[in-house]
Amino acid sequence: MSHHINNKLEIHSNAEEILASLVGPEGVFDLNALLPMPPELNITKTAESSYAERYLRGEIDEVLRSSWAKARQLNTADALAEHFQSAGKELLEVGQQRLTNIAQFGYADGHDWCIANWGTHRNAYRVDEPEFENDAASICFVTAQSTPIPFLQSLSHRFPRTEFDMYFFGEAWNIAGHCYLHGGIQHWNEFVPRKDHGLSQAIYNEVYGVELERER
């Protein structure tokens with residue numbers, strides 16, 4: 001199943017300044033430009049590193065009861081210690097970094113931080129060039145799993161005089177909706193779309209710029 005969410009953000013005033021604030025190394029719509037992820041969190045989230053973190057935290061019994069340990073026939077604390085020692089110091093170093101990150105930032109890695117702060121676990125991608133009209137503009141982009149509502153709230157609070165409309169539609173037809181912001185969220189409607197649903201058709205047309213009936 002596709003988890004790509006297509007988004008269309010409409011910026012109703014001050015668009016040039018706002019979009020300029022979002023330009024970063026990842027392109028013209030870089031979530032990291034507005035809300036930078038601490039570089040220490042840039043570690044890959046894996047089951048192995050998560051269990052290394054728990055092992056270092058002293059949660060040995062919980063790790064031994066996990067399906068991960070059972071699949072590797074790690075039945076004792078000694079077997080668990082031998083597994084992590086044989087895996088090399090890199091794994092335990094990652095586990096220790098995860099513990100340090102939790103203490104400093106509240107999150108073990110970038111995956112969890114991004115979900116909490118951006119509303120999606122990775123940066124925006126498949127970003128189109130913005131379309132300007134006087135002081136307004138619209139820009140289309142894709143996010144993974146969900147639309148970036150927490151990011152939009154931060155953007156709206158940064159520019160409280162500007163009105164924003166966000167339309168979003170999942171490629172798998174699993175989610176669609178609209179969010180209006182003006183100094184924060186003022187209206188948010190999210191639902192599972194249907195082809196016979198008028199609002200679903202309207203948001204589809206807004207996001208893709210194509211009449212739904214013509215896509216059948």
# chains A, B, ... in the order shown; residues from 1 in each chain; ligands from 1
>>> closest_atom_pairs(of="range 94-180 of chain A", to="range 14-37 of chain A", cutoff="9 Å", atoms="only C-alpha atoms", output="tab-separated table")
residue	atom	partner	partner_atom	distance
A:Gly110	CA	A:Met37	CA	7.1
A:Trp113	CA	A:Met37	CA	7.5
A:Cys114	CA	A:Met37	CA	7.4
A:Asn117	CA	A:Leu35	CA	7.6
A:Trp118	CA	A:Leu31	CA	7.2
A:Arg122	CA	A:Leu31	CA	8.9
A:Asn123	CA	A:Leu31	CA	6.0
A:Ala124	CA	A:Asp30	CA	6.6
A:Tyr125	CA	A:Phe29	CA	8.4
A:Val127	CA	A:Phe29	CA	6.9
A:Asp128	CA	A:Val28	CA	8.5
A:Glu129	CA	A:Val28	CA	7.5
A:Pro130	CA	A:Val28	CA	8.4
A:Phe132	CA	A:Ala15	CA	7.8
A:Asn134	CA	A:Ala15	CA	8.9
A:Asp135	CA	A:Asn14	CA	5.6
A:Ala136	CA	A:Ala15	CA	5.1
A:Ala137	CA	A:Ala15	CA	5.7
A:Ser138	CA	A:Ala15	CA	8.5
A:Ile139	CA	A:Phe29	CA	8.5
A:Phe141	CA	A:Phe29	CA	8.1
A:Phe151	CA	A:Leu31	CA	7.3
A:Ser154	CA	A:Leu35	CA	8.2
A:Leu155	CA	A:Leu34	CA	7.4
A:Phe159	CA	A:Ile18	CA	7.7
A:Arg161	CA	A:Asn14	CA	8.9
A:Thr162	CA	A:Asn14	CA	7.0
>>> select_by_dssp(residues="range 71-122 of chain A", states="helix (DSSP H, G or I)", output="PyMOL selection string")
chain A and resi 71+77-86+89-105+110-117
>>> write_last_selection(atoms="N, CA and C atoms", output="compact mmCIF listing (two decimals), in the first residue's frame")
# COMPACT_ATOMS: atom_id res chain seq x y z
N ALA A 71 13.49 -15.04 19.00
CA ALA A 71 13.84 -15.45 17.64
C ALA A 71 15.33 -15.75 17.52
N ALA A 77 20.55 -13.68 30.62
CA ALA A 77 21.25 -12.40 30.63
C ALA A 77 22.65 -12.55 30.06
N ASP A 78 23.29 -13.67 30.34
CA ASP A 78 24.64 -13.90 29.81
C ASP A 78 24.60 -14.01 28.29
N ALA A 79 23.60 -14.71 27.76
CA ALA A 79 23.48 -14.85 26.31
C ALA A 79 23.23 -13.50 25.65
N LEU A 80 22.44 -12.69 26.33
CA LEU A 80 22.15 -11.35 25.80
C LEU A 80 23.41 -10.49 25.80
N ALA A 81 24.16 -10.54 26.89
CA ALA A 81 25.41 -9.77 26.96
C ALA A 81 26.39 -10.23 25.88
N GLU A 82 26.49 -11.53 25.69
CA GLU A 82 27.41 -12.05 24.68
C GLU A 82 27.00 -11.62 23.28
N HIS A 83 25.67 -11.57 23.04
CA HIS A 83 25.17 -11.16 21.72
C HIS A 83 25.59 -9.72 21.42
N PHE A 84 25.39 -8.82 22.37
CA PHE A 84 25.71 -7.42 22.12
C PHE A 84 27.22 -7.20 22.05
N GLN A 85 27.99 -7.95 22.82
CA GLN A 85 29.44 -7.82 22.76
C GLN A 85 29.99 -8.34 21.43
N SER A 86 29.41 -9.42 20.93
CA SER A 86 29.87 -9.98 19.67
C SER A 86 29.44 -9.13 18.48
N LYS A 89 31.27 -2.92 19.18
CA LYS A 89 31.02 -1.78 20.04
C LYS A 89 30.12 -0.74 19.38
N GLU A 90 30.04 -0.76 18.03
CA GLU A 90 29.22 0.23 17.34
C GLU A 90 27.77 0.16 17.77
N LEU A 91 27.25 -1.05 17.93
CA LEU A 91 25.85 -1.20 18.31
C LEU A 91 25.59 -0.64 19.70
N LEU A 92 26.47 -0.94 20.64
CA LEU A 92 26.29 -0.40 21.99
C LEU A 92 26.50 1.10 22.02
N GLU A 93 27.37 1.61 21.15
CA GLU A 93 27.55 3.06 21.06
C GLU A 93 26.28 3.74 20.57
N VAL A 94 25.61 3.11 19.60
CA VAL A 94 24.33 3.65 19.12
C VAL A 94 23.29 3.59 20.24
N GLY A 95 23.27 2.47 20.97
CA GLY A 95 22.34 2.36 22.09
C GLY A 95 22.57 3.44 23.13
N GLN A 96 23.86 3.73 23.42
CA GLN A 96 24.19 4.78 24.39
C GLN A 96 23.80 6.15 23.86
N GLN A 97 23.99 6.38 22.54
CA GLN A 97 23.58 7.65 21.96
C GLN A 97 22.08 7.84 22.06
N ARG A 98 21.33 6.77 21.88
CA ARG A 98 19.87 6.84 22.01
C ARG A 98 19.48 7.27 23.44
N LEU A 99 20.16 6.70 24.43
CA LEU A 99 19.87 7.08 25.82
C LEU A 99 20.21 8.55 26.06
N THR A 100 21.35 8.98 25.53
CA THR A 100 21.75 10.38 25.68
C THR A 100 20.75 11.31 25.01
N ASN A 101 20.29 10.91 23.83
CA ASN A 101 19.30 11.73 23.10
C ASN A 101 18.00 11.87 23.87
N ILE A 102 17.56 10.79 24.48
CA ILE A 102 16.32 10.85 25.27
C ILE A 102 16.47 11.84 26.42
N ALA A 103 17.62 11.77 27.09
CA ALA A 103 17.85 12.67 28.22
C ALA A 103 17.93 14.12 27.78
N GLN A 104 18.52 14.37 26.59
CA GLN A 104 18.75 15.74 26.14
C GLN A 104 17.59 16.32 25.35
N PHE A 105 16.98 15.49 24.49
CA PHE A 105 15.97 16.00 23.56
C PHE A 105 14.57 15.41 23.77
N GLY A 110 15.85 10.45 15.19
CA GLY A 110 15.16 11.41 14.35
C GLY A 110 13.77 10.98 13.94
N HIS A 111 13.55 9.68 13.80
CA HIS A 111 12.23 9.18 13.41
C HIS A 111 11.16 9.69 14.35
N ASP A 112 11.35 9.47 15.64
CA ASP A 112 10.34 9.87 16.63
C ASP A 112 10.26 11.39 16.77
N TRP A 113 11.42 12.06 16.70
CA TRP A 113 11.42 13.52 16.80
C TRP A 113 10.65 14.14 15.64
N CYS A 114 10.87 13.65 14.44
CA CYS A 114 10.20 14.20 13.26
C CYS A 114 8.68 14.01 13.34
N ILE A 115 8.24 12.86 13.78
CA ILE A 115 6.80 12.62 13.91
C ILE A 115 6.19 13.62 14.89
N ALA A 116 6.89 13.85 16.00
CA ALA A 116 6.36 14.76 17.02
C ALA A 116 6.38 16.21 16.58
N ASN A 117 7.44 16.62 15.86
CA ASN A 117 7.62 18.04 15.53
C ASN A 117 7.15 18.42 14.13
>>> closest_residue(among="A:Ser13, A:Tyr204, A:Leu74, A:Arg126", to="Phe164 in chain A", atoms="only C-alpha atoms")
A:Ser13
>>> select_by_dssp(residues="range 1-209 of chain A", states="strand (DSSP E)", output="PyMOL selection string")
chain A and resi 4-11+131-133+136-144+163-170+176-182+185-191
>>> closest_residue(among="A:Leu152, A:Asp109, A:Gln186, A:Val192", to="Asn42 in chain A", atoms="only C-alpha atoms")
A:Asp109
>>> atom_distance(atom1="CA of Leu41 in chain A", atom2="CA of Tyr107 in chain A")
7.9 Å
>>> residues_around(residues="Val207 in chain A", least_positions_apart="5", cutoff="7 Å", atoms="only C-alpha atoms", output="mmCIF file with C-alpha atoms, in the first residue's frame")
data_model
loop_
_atom_site.group_PDB
_atom_site.id
_atom_site.type_symbol
_atom_site.label_atom_id
_atom_site.label_comp_id
_atom_site.auth_asym_id
_atom_site.auth_seq_id
_atom_site.Cartn_x
_atom_site.Cartn_y
_atom_site.Cartn_z
ATOM 1 C CA ASN A 6 -0.135 14.593 -1.570
ATOM 2 C CA ASN A 7 -0.394 18.077 -0.089
ATOM 3 C CA LYS A 8 -1.275 21.475 -1.482
ATOM 4 C CA TYR A 167 -5.491 20.309 1.292
ATOM 5 C CA PHE A 168 -4.241 16.724 1.445
ATOM 6 C CA PHE A 169 -5.115 13.417 -0.183
#
>>> atom_distance(atom1="CA of Ile203 in chain A", atom2="CA of His157 in chain A")
24.8 Å
>>> atom_distance(atom1="CA of Glu10 in chain A", atom2="CA of Ala202 in chain A")
15.2 Å
>>> residues_around(residues="range 143-149 of chain A", least_positions_apart="6", cutoff="6 Å", atoms="only C-alpha atoms", output="list of chain:residue names")
A:His3, A:His4, A:Ile5, A:Trp118, A:Gly119, A:Thr120, A:Ala124
>>> write_last_selection(atoms="C-alpha atoms", output="compact mmCIF listing (two decimals), in the first residue's frame")
# COMPACT_ATOMS: atom_id res chain seq x y z
CA HIS A 3 1.72 5.78 2.09
CA HIS A 4 2.39 8.93 0.06
CA ILE A 5 0.25 11.89 1.07
CA TRP A 118 6.79 17.74 11.84
CA GLY A 119 3.92 15.24 11.87
CA THR A 120 5.72 12.93 9.44
CA ALA A 124 8.91 16.62 2.27
>>> residues_around(residues="Trp188 in chain A", least_positions_apart="3", cutoff="10 Å", atoms="only C-alpha atoms", output="list in words")
Ile149, Asp165, Met166, Gly177, His178, Cys179, Tyr180, Leu181 and Ile185 of chain A
>>> closest_residue(among="A:Ser50, A:Leu212, A:Asp61, A:His182", to="Arg158 in chain A", atoms="only C-alpha atoms")
A:His182
>>> residues_around(residues="Leu64 in chain A", least_positions_apart="4", cutoff="7 Å", atoms="only C-alpha atoms", output="list in words")
Ile60, Ala69, Leu74 and Asn75 of chain A
